[in-house]
$ cat final35.pdb   # PDB, C-alpha atoms, pLDDT in the B column
ATOM      1  CA  MET I   1     -10.584 -11.973 -60.433  1.00 47.00           C
ATOM      2  CA  GLY I   2     -10.333 -11.733 -64.211  1.00 51.00           C
ATOM      3  CA  LEU I   3      -9.391  -8.567 -66.002  1.00 47.00           C
ATOM      4  CA  CYS I   4     -12.957  -8.017 -67.201  1.00 49.00           C
ATOM      5  CA  CYS I   5     -14.429  -8.425 -63.699  1.00 48.00           C
ATOM      6  CA  ALA I   6     -11.726  -6.261 -62.141  1.00 47.00           C
ATOM      7  CA  THR I   7     -12.360  -3.507 -64.670  1.00 46.00           C
ATOM      8  CA  PHE I   8     -16.109  -3.687 -64.114  1.00 46.00           C
ATOM      9  CA  ALA I   9     -15.775  -3.611 -60.310  1.00 47.00           C
ATOM     10  CA  GLY I  10     -13.348  -0.746 -60.502  1.00 48.00           C
ATOM     11  CA  ALA I  11     -15.714   1.227 -62.692  1.00 48.00           C
ATOM     12  CA  LEU I  12     -18.482   0.795 -60.116  1.00 49.00           C
ATOM     13  CA  ILE I  13     -16.659   1.210 -56.822  1.00 50.00           C
ATOM     14  CA  PHE I  14     -13.691   3.417 -57.531  1.00 51.00           C
ATOM     15  CA  SER I  15     -15.177   5.931 -59.939  1.00 59.00           C
ATOM     16  CA  PRO I  16     -14.753   9.608 -58.992  1.00 61.00           C
ATOM     17  CA  GLU I  17     -18.532  10.002 -59.006  1.00 60.00           C
ATOM     18  CA  PHE I  18     -18.987   7.191 -56.489  1.00 55.00           C
ATOM     19  CA  ARG I  19     -16.203   8.489 -54.230  1.00 59.00           C
ATOM     20  CA  GLY I  20     -17.739  11.951 -54.355  1.00 63.00           C
ATOM     21  CA  MET I  21     -21.145  10.639 -53.287  1.00 59.00           C
ATOM     22  CA  VAL I  22     -19.630   8.730 -50.370  1.00 56.00           C
ATOM     23  CA  LYS I  23     -17.584  11.713 -49.199  1.00 61.00           C
ATOM     24  CA  GLY I  24     -20.652  13.926 -49.347  1.00 60.00           C
ATOM     25  CA  ALA I  25     -22.734  11.412 -47.401  1.00 55.00           C
ATOM     26  CA  LEU I  26     -20.049  11.081 -44.729  1.00 56.00           C
ATOM     27  CA  ALA I  27     -19.763  14.835 -44.408  1.00 56.00           C
ATOM     28  CA  ASP I  28     -23.517  15.076 -43.857  1.00 54.00           C
ATOM     29  CA  GLY I  29     -23.576  12.090 -41.520  1.00 53.00           C
ATOM     30  CA  ALA I  30     -26.111  10.552 -43.913  1.00 53.00           C
ATOM     31  CA  LEU I  31     -25.284   6.869 -44.073  1.00 58.00           C
ATOM     32  CA  PRO I  32     -28.251   5.374 -42.202  1.00 60.00           C
ATOM     33  CA  GLY I  33     -27.973   1.641 -41.700  1.00 62.00           C
ATOM     34  CA  VAL I  34     -24.314   1.525 -42.718  1.00 72.00           C
ATOM     35  CA  ASP I  35     -21.563   0.893 -40.174  1.00 77.00           C
ATOM     36  CA  VAL I  36     -18.284   2.653 -40.906  1.00 78.00           C
ATOM     37  CA  PHE I  37     -14.906   1.226 -39.825  1.00 81.00           C
ATOM     38  CA  PRO I  38     -11.378   2.692 -39.950  1.00 84.00           C
ATOM     39  CA  ALA I  39     -10.245  -0.614 -41.519  1.00 90.00           C
ATOM     40  CA  LEU I  40     -11.835  -3.702 -43.013  1.00 91.00           C
ATOM     41  CA  PRO I  41     -14.149  -5.245 -40.379  1.00 89.00           C
ATOM     42  CA  ASP I  42     -13.408  -8.643 -38.849  1.00 91.00           C
ATOM     43  CA  ALA I  43     -14.903 -11.500 -40.900  1.00 95.00           C
ATOM     44  CA  ARG I  44     -16.305 -13.297 -37.852  1.00 93.00           C
ATOM     45  CA  GLN I  45     -18.215 -10.231 -36.690  1.00 89.00           C
ATOM     46  CA  VAL I  46     -19.603  -9.653 -40.164  1.00 91.00           C
ATOM     47  CA  GLN I  47     -20.682 -13.293 -40.455  1.00 94.00           C
ATOM     48  CA  GLU I  48     -22.528 -13.035 -37.144  1.00 91.00           C
ATOM     49  CA  ARG I  49     -24.327  -9.954 -38.438  1.00 85.00           C
ATOM     50  CA  ILE I  50     -25.217 -11.785 -41.646  1.00 85.00           C
ATOM     51  CA  GLU I  51     -26.690 -14.692 -39.688  1.00 89.00           C
ATOM     52  CA  GLY I  52     -28.782 -12.304 -37.625  1.00 82.00           C
ATOM     53  CA  LYS I  53     -30.119 -10.545 -40.696  1.00 76.00           C
ATOM     54  CA  MET I  54     -30.940 -13.844 -42.378  1.00 80.00           C
ATOM     55  CA  ALA I  55     -32.850 -14.943 -39.271  1.00 79.00           C
ATOM     56  CA  ASN I  56     -34.982 -11.787 -39.471  1.00 73.00           C
ATOM     57  CA  THR I  57     -35.740 -12.198 -43.164  1.00 76.00           C
ATOM     58  CA  VAL I  58     -39.142 -13.489 -44.230  1.00 76.00           C
ATOM     59  CA  ALA I  59     -38.831 -15.760 -47.265  1.00 79.00           C
ATOM     60  CA  VAL I  60     -41.918 -17.153 -48.958  1.00 83.00           C
ATOM     61  CA  LYS I  61     -42.169 -19.030 -52.220  1.00 88.00           C
ATOM     62  CA  ASP I  62     -44.997 -20.872 -53.900  1.00 90.00           C
ATOM     63  CA  SER I  63     -46.178 -22.043 -57.298  1.00 92.00           C
ATOM     64  CA  THR I  64     -49.526 -22.699 -58.898  1.00 93.00           C
ATOM     65  CA  ILE I  65     -50.305 -24.820 -61.943  1.00 95.00           C
ATOM     66  CA  ILE I  66     -53.131 -23.997 -64.316  1.00 95.00           C
ATOM     67  CA  SER I  67     -53.598 -27.372 -65.960  1.00 96.00           C
ATOM     68  CA  GLY I  68     -54.197 -27.063 -69.700  1.00 95.00           C
ATOM     69  CA  GLY I  69     -54.605 -23.298 -69.462  1.00 96.00           C
ATOM     70  CA  GLY I  70     -52.647 -22.776 -72.638  1.00 96.00           C
ATOM     71  CA  ASN I  71     -51.654 -19.476 -74.161  1.00 96.00           C
ATOM     72  CA  ASP I  72     -54.901 -17.756 -73.109  1.00 96.00           C
ATOM     73  CA  ALA I  73     -54.149 -18.374 -69.416  1.00 96.00           C
ATOM     74  CA  TYR I  74     -50.520 -17.344 -69.913  1.00 97.00           C
ATOM     75  CA  GLU I  75     -51.510 -14.040 -71.503  1.00 96.00           C
ATOM     76  CA  LEU I  76     -54.162 -13.352 -68.838  1.00 95.00           C
ATOM     77  CA  VAL I  77     -51.665 -13.751 -66.000  1.00 95.00           C
ATOM     78  CA  LYS I  78     -49.019 -11.866 -67.975  1.00 96.00           C
ATOM     79  CA  LYS I  79     -51.383  -8.894 -68.226  1.00 94.00           C
ATOM     80  CA  ALA I  80     -51.525  -8.680 -64.425  1.00 93.00           C
ATOM     81  CA  VAL I  81     -47.746  -9.046 -64.118  1.00 95.00           C
ATOM     82  CA  LEU I  82     -47.122  -6.289 -66.672  1.00 95.00           C
ATOM     83  CA  THR I  83     -48.992  -3.820 -64.452  1.00 94.00           C
ATOM     84  CA  TRP I  84     -47.460  -5.471 -61.340  1.00 92.00           C
ATOM     85  CA  ASP I  85     -50.922  -6.173 -60.011  1.00 86.00           C
ATOM     86  CA  VAL I  86     -49.630  -9.003 -57.808  1.00 84.00           C
ATOM     87  CA  TYR I  87     -50.202  -7.792 -54.248  1.00 81.00           C
ATOM     88  CA  GLY I  88     -53.935  -7.893 -53.661  1.00 78.00           C
ATOM     89  CA  GLY I  89     -55.743  -6.164 -50.801  1.00 84.00           C
ATOM     90  CA  ASP I  90     -56.004  -2.395 -50.476  1.00 88.00           C
ATOM     91  CA  THR I  91     -52.904  -1.717 -52.567  1.00 90.00           C
ATOM     92  CA  LYS I  92     -52.199   0.579 -55.507  1.00 92.00           C
ATOM     93  CA  VAL I  93     -49.272   0.406 -57.931  1.00 93.00           C
ATOM     94  CA  TYR I  94     -48.068   3.625 -59.575  1.00 95.00           C
ATOM     95  CA  LEU I  95     -46.176   3.653 -62.878  1.00 96.00           C
ATOM     96  CA  PRO I  96     -44.263   6.592 -64.350  1.00 95.00           C
ATOM     97  CA  LYS I  97     -46.291   9.155 -66.276  1.00 96.00           C
ATOM     98  CA  GLY I  98     -47.261   7.903 -69.718  1.00 96.00           C
ATOM     99  CA  LYS I  99     -46.460   4.250 -68.924  1.00 96.00           C
ATOM    100  CA  VAL I 100     -49.058   1.489 -68.741  1.00 96.00           C
ATOM    101  CA  VAL I 101     -46.790  -1.538 -68.222  1.00 96.00           C
ATOM    102  CA  ILE I 102     -43.581  -2.110 -66.295  1.00 96.00           C
ATOM    103  CA  GLU I 103     -40.198  -2.467 -67.972  1.00 96.00           C
ATOM    104  CA  LYS I 104     -36.625  -3.106 -66.918  1.00 96.00           C
ATOM    105  CA  ASP I 105     -34.939  -0.386 -64.835  1.00 95.00           C
ATOM    106  CA  MET I 106     -38.253   1.375 -64.203  1.00 96.00           C
ATOM    107  CA  VAL I 107     -39.001   2.907 -60.800  1.00 96.00           C
ATOM    108  CA  ILE I 108     -42.527   2.215 -59.556  1.00 94.00           C
ATOM    109  CA  GLY I 109     -44.504   3.336 -56.514  1.00 93.00           C
ATOM    110  CA  ILE I 110     -46.440   1.068 -54.146  1.00 90.00           C
ATOM    111  CA  SER I 111     -48.927   2.115 -51.482  1.00 91.00           C
ATOM    112  CA  THR I 112     -50.775  -0.377 -49.281  1.00 85.00           C
ATOM    113  CA  LYS I 113     -52.982   0.048 -46.260  1.00 86.00           C
ATOM    114  CA  LEU I 114     -51.321  -0.754 -42.927  1.00 80.00           C
ATOM    115  CA  VAL I 115     -53.775  -0.356 -40.059  1.00 81.00           C
ATOM    116  CA  LYS I 116     -54.849   3.302 -40.547  1.00 85.00           C
ATOM    117  CA  ILE I 117     -52.147   4.628 -42.851  1.00 86.00           C
ATOM    118  CA  TYR I 118     -50.992   4.277 -46.462  1.00 90.00           C
ATOM    119  CA  PRO I 119     -47.177   4.404 -46.612  1.00 86.00           C
ATOM    120  CA  LEU I 120     -45.723   5.126 -50.047  1.00 89.00           C
ATOM    121  CA  SER I 121     -42.778   2.963 -51.079  1.00 87.00           C
ATOM    122  CA  PHE I 122     -40.656   2.904 -54.235  1.00 91.00           C
ATOM    123  CA  GLU I 123     -39.225  -0.125 -56.011  1.00 92.00           C
ATOM    124  CA  ASP I 124     -36.997  -0.952 -58.994  1.00 94.00           C
ATOM    125  CA  VAL I 125     -37.791  -3.346 -61.812  1.00 96.00           C
ATOM    126  CA  ALA I 126     -34.423  -5.102 -61.651  1.00 95.00           C
ATOM    127  CA  GLU I 127     -35.140  -7.829 -64.199  1.00 96.00           C
ATOM    128  CA  PHE I 128     -37.696  -8.166 -66.972  1.00 96.00           C
ATOM    129  CA  HIS I 129     -37.192 -10.872 -69.549  1.00 96.00           C
ATOM    130  CA  GLU I 130     -39.464 -12.998 -71.724  1.00 97.00           C
ATOM    131  CA  HIS I 131     -38.204 -16.030 -73.617  1.00 96.00           C
ATOM    132  CA  ASP I 132     -40.244 -17.841 -76.250  1.00 96.00           C
ATOM    133  CA  GLY I 133     -38.499 -21.119 -76.979  1.00 94.00           C
ATOM    134  CA  GLU I 134     -39.296 -24.474 -78.496  1.00 94.00           C
ATOM    135  CA  ASP I 135     -40.235 -26.123 -75.174  1.00 94.00           C
ATOM    136  CA  VAL I 136     -41.500 -23.237 -73.049  1.00 96.00           C
ATOM    137  CA  LYS I 137     -42.509 -19.611 -73.116  1.00 97.00           C
ATOM    138  CA  ARG I 138     -41.381 -17.906 -69.924  1.00 97.00           C
ATOM    139  CA  LEU I 139     -41.647 -14.431 -68.425  1.00 97.00           C
ATOM    140  CA  ARG I 140     -39.434 -13.569 -65.463  1.00 97.00           C
ATOM    141  CA  VAL I 141     -39.738 -10.347 -63.457  1.00 96.00           C
ATOM    142  CA  VAL I 142     -37.743  -9.311 -60.393  1.00 95.00           C
ATOM    143  CA  VAL I 143     -38.680  -6.176 -58.453  1.00 94.00           C
ATOM    144  CA  GLY I 144     -36.399  -4.941 -55.684  1.00 89.00           C
ATOM    145  CA  THR I 145     -37.019  -2.364 -52.990  1.00 84.00           C
ATOM    146  CA  ARG I 146     -35.408   1.059 -52.885  1.00 83.00           C
ATOM    147  CA  LYS I 147     -34.305   3.004 -49.822  1.00 76.00           C
ATOM    148  CA  GLU I 148     -37.717   4.722 -49.623  1.00 73.00           C
ATOM    149  CA  ASN I 149     -39.547   1.601 -48.510  1.00 70.00           C
ATOM    150  CA  ILE I 150     -40.918   0.067 -45.314  1.00 69.00           C
ATOM    151  CA  VAL I 151     -39.227  -3.241 -46.161  1.00 72.00           C
ATOM    152  CA  ASP I 152     -35.958  -4.421 -47.678  1.00 75.00           C
ATOM    153  CA  GLY I 153     -36.250  -7.264 -50.122  1.00 80.00           C
ATOM    154  CA  ASN I 154     -37.234  -8.422 -53.552  1.00 86.00           C
ATOM    155  CA  TYR I 155     -40.114 -10.081 -55.348  1.00 89.00           C
ATOM    156  CA  ASP I 156     -39.663 -12.705 -58.083  1.00 93.00           C
ATOM    157  CA  VAL I 157     -42.419 -13.766 -60.457  1.00 94.00           C
ATOM    158  CA  GLU I 158     -41.882 -16.413 -63.127  1.00 96.00           C
ATOM    159  CA  LEU I 159     -44.650 -17.334 -65.538  1.00 97.00           C
ATOM    160  CA  THR I 160     -44.153 -20.419 -67.700  1.00 97.00           C
ATOM    161  CA  LEU I 161     -46.202 -21.932 -70.528  1.00 97.00           C
ATOM    162  CA  PHE I 162     -45.168 -25.517 -71.297  1.00 97.00           C
ATOM    163  CA  LYS I 163     -45.304 -26.375 -74.978  1.00 96.00           C
ATOM    164  CA  LYS I 164     -44.363 -30.044 -74.623  1.00 94.00           C
ATOM    165  CA  ASP I 165     -44.992 -32.924 -72.218  1.00 94.00           C
ATOM    166  CA  GLY I 166     -42.183 -33.763 -69.799  1.00 88.00           C
ATOM    167  CA  ASN I 167     -40.739 -33.222 -66.323  1.00 83.00           C
ATOM    168  CA  GLY I 168     -44.123 -33.689 -64.700  1.00 87.00           C
ATOM    169  CA  ARG I 169     -45.778 -31.095 -66.919  1.00 91.00           C
ATOM    170  CA  GLN I 170     -48.128 -31.499 -69.845  1.00 94.00           C
ATOM    171  CA  LYS I 171     -48.403 -29.451 -72.985  1.00 96.00           C
ATOM    172  CA  GLY I 172     -50.533 -26.384 -72.296  1.00 96.00           C
ATOM    173  CA  ASP I 173     -49.871 -26.264 -68.540  1.00 97.00           C
ATOM    174  CA  VAL I 174     -49.119 -22.819 -67.113  1.00 97.00           C
ATOM    175  CA  GLU I 175     -47.023 -22.436 -63.956  1.00 96.00           C
ATOM    176  CA  ILE I 176     -46.999 -19.288 -61.830  1.00 95.00           C
ATOM    177  CA  TYR I 177     -44.001 -19.156 -59.499  1.00 95.00           C
ATOM    178  CA  TYR I 178     -43.766 -16.431 -56.861  1.00 92.00           C
ATOM    179  CA  GLN I 179     -41.070 -15.719 -54.302  1.00 90.00           C
ATOM    180  CA  LYS I 180     -40.549 -12.842 -51.892  1.00 86.00           C
ATOM    181  CA  ARG I 181     -37.779 -12.054 -49.438  1.00 81.00           C
ATOM    182  CA  GLN I 182     -38.255  -9.130 -47.093  1.00 75.00           C
ATOM    183  CA  ASN I 183     -37.383  -7.660 -43.730  1.00 69.00           C
ATOM    184  CA  LEU I 184     -38.112  -4.344 -42.035  1.00 60.00           C
ATOM    185  CA  THR I 185     -35.886  -1.499 -43.149  1.00 55.00           C
ATOM    186  CA  TYR I 186     -33.181  -0.026 -40.922  1.00 52.00           C
ATOM    187  CA  TRP I 187     -34.996   3.208 -40.118  1.00 48.00           C
ATOM    188  CA  LEU I 188     -38.130   1.363 -39.036  1.00 53.00           C
ATOM    189  CA  LEU I 189     -36.189  -0.991 -36.797  1.00 51.00           C
ATOM    190  CA  GLN I 190     -34.072   1.798 -35.311  1.00 51.00           C
ATOM    191  CA  LYS I 191     -36.978   4.071 -34.463  1.00 51.00           C
ATOM    192  CA  GLY I 192     -39.178   1.224 -33.303  1.00 51.00           C
ATOM    193  CA  ALA I 193     -42.008   2.834 -35.212  1.00 44.00           C
ATOM    194  CA  SER I 194     -45.486   1.446 -34.735  1.00 45.00           C
ATOM    195  CA  LEU I 195     -48.166   1.566 -37.383  1.00 43.00           C
ATOM    196  CA  GLY I 196     -50.422   3.470 -34.974  1.00 44.00           C
ATOM    197  CA  GLY I 197     -48.073   6.382 -34.408  1.00 44.00           C
ATOM    198  CA  LYS I 198     -44.587   7.492 -33.433  1.00 44.00           C
ATOM    199  CA  LYS I 199     -42.995   5.504 -30.615  1.00 42.00           C
ATOM    200  CA  THR I 200     -42.255   7.127 -27.275  1.00 38.00           C
ATOM    201  CA  ASP I 201     -39.305   6.329 -25.002  1.00 40.00           C
ATOM    202  CA  GLU I 202     -41.320   3.644 -23.256  1.00 38.00           C
ATOM    203  CA  GLY I 203     -42.084   1.920 -26.555  1.00 41.00           C
ATOM    204  CA  LYS I 204     -45.722   2.990 -26.696  1.00 43.00           C
ATOM    205  CA  SER I 205     -47.187   4.938 -29.562  1.00 45.00           C
ATOM    206  CA  GLU I 206     -48.554   8.401 -28.966  1.00 46.00           C
ATOM    207  CA  GLU I 207     -52.036   6.985 -29.487  1.00 49.00           C
ATOM    208  CA  GLU I 208     -51.442   4.260 -26.885  1.00 49.00           C
ATOM    209  CA  ARG I 209     -49.993   6.798 -24.433  1.00 46.00           C
ATOM    210  CA  LYS I 210     -53.065   9.029 -24.817  1.00 49.00           C
ATOM    211  CA  LYS I 211     -55.425   6.144 -24.089  1.00 50.00           C
ATOM    212  CA  THR I 212     -53.359   5.196 -21.040  1.00 45.00           C
ATOM    213  CA  ASP I 213     -53.427   8.760 -19.667  1.00 48.00           C
ATOM    214  CA  GLU I 214     -57.171   9.038 -20.209  1.00 50.00           C
ATOM    215  CA  GLY I 215     -57.692   5.820 -18.259  1.00 49.00           C
ATOM    216  CA  LYS I 216     -55.829   7.046 -15.151  1.00 46.00           C
TER     217      LYS I 216
END

$ encode --input "final35.pdb" --output "structure tokens"
Amino acid sequence: MGLCCATFAGALIFSPEFRGMVKGALADGALPGVDVFPALPDARQVQERIEGKMANTVAVKDSTIISGGGNDAYELVKKAVLTWDVYGGDTKVYLPKGKVVIEKDMVIGISTKLVKIYPLSFEDVAEFHEHDGEDVKRLRVVVGTRKENIVDGNYDVELTLFKKDGNGRQKGDVEIYYQKRQNLTYWLLQKGASLGGKKTDEGKSEEERKKTDEGK
């Protein structure tokens, strides 16, 4: 590891502030989803855990081409991306007070209907960059989930306006690329929560248990 990388890593991991947060969390027993070991864990065991988590991760990616859409189509799609109106369905996106478009490092709220409830999740705008070059104009946005979320994962949106012919694209084409990676969060998996209510010991929700008792 180079000096620059070592200094950067040290600033993140070994800072007094970080150590203080970890000590406080350990004292409160508040490290949900994090296994703690007296020494560095065995690599083989960790790799097995990684494989299991990857198997439970939903990864979807797709792209759409608007042939000859030009700058008008680019700006129309960009308008939706800037408000993060990319989910569809009965979903609402909340921006900080006084803000009308997303920006890098912003925290946003997301609420979507799941069966009969509207869970509120929070996410981070991890990357927001627009490049206007000679060949393409491209907007890239990456939004990642925070701890207060029903899923772990990230969403990538890349919007590209092609200014020249080449690589299977024609001048004026607009490409919308979308990718998401997500899995259920630790607390949801641990509690075995159902969308219809809190799980009982037998794995049924309170609503299911009530219906079962009424049918006896």

$ resolve_selection --input "final35.pdb" --expression "the PyMOL selection byres ((chain I and resi 104-118) around 8)" --output "number ranges by chain"
I: 89-96, 102-103, 119-128, 195-196

$ closest_residue --input "final35.pdb" --among "I:Glu134, I:Glu175, I:Val36, I:Leu159" --to "Leu82 (chain I)" --atoms "only C-alpha atoms"
I:Leu159

$ residues_near_point --input "final35.pdb" --point "(-44.8, -28.9, -66.4)" --cutoff "12 Å" --atoms "all atoms listed in the file" --output "PyMOL selection string"
chain I and resi 63-70+135-137+159-177

$ atom_distance --input "final35.pdb" --atom1 "CA of Val142 (chain I)" --atom2 "CA of Val101 (chain I)"
14.3 Å

$ residues_around --input "final35.pdb" --residues "Lys61 (chain I)" --least-positions-apart "4" --cutoff "7 Å" --atoms "only C-alpha atoms" --output "number ranges by chain"
I: 178-180

$ atom_distance --input "final35.pdb" --atom1 "CA of Gly133 (chain I)" --atom2 "CA of Val60 (chain I)"
28.5 Å

$ resolve_selection --input "final35.pdb" --expression "the PyMOL selection byres ((chain I and resi 155) around 9)" --output "JSON, numbers by chain"
{"I": [141, 142, 143, 144, 145, 153, 154, 156, 157, 178, 179, 180, 181, 182]}

$ atom_distance --input "final35.pdb" --atom1 "CA of Val151 (chain I)" --atom2 "CA of Ala59 (chain I)"
12.6 Å
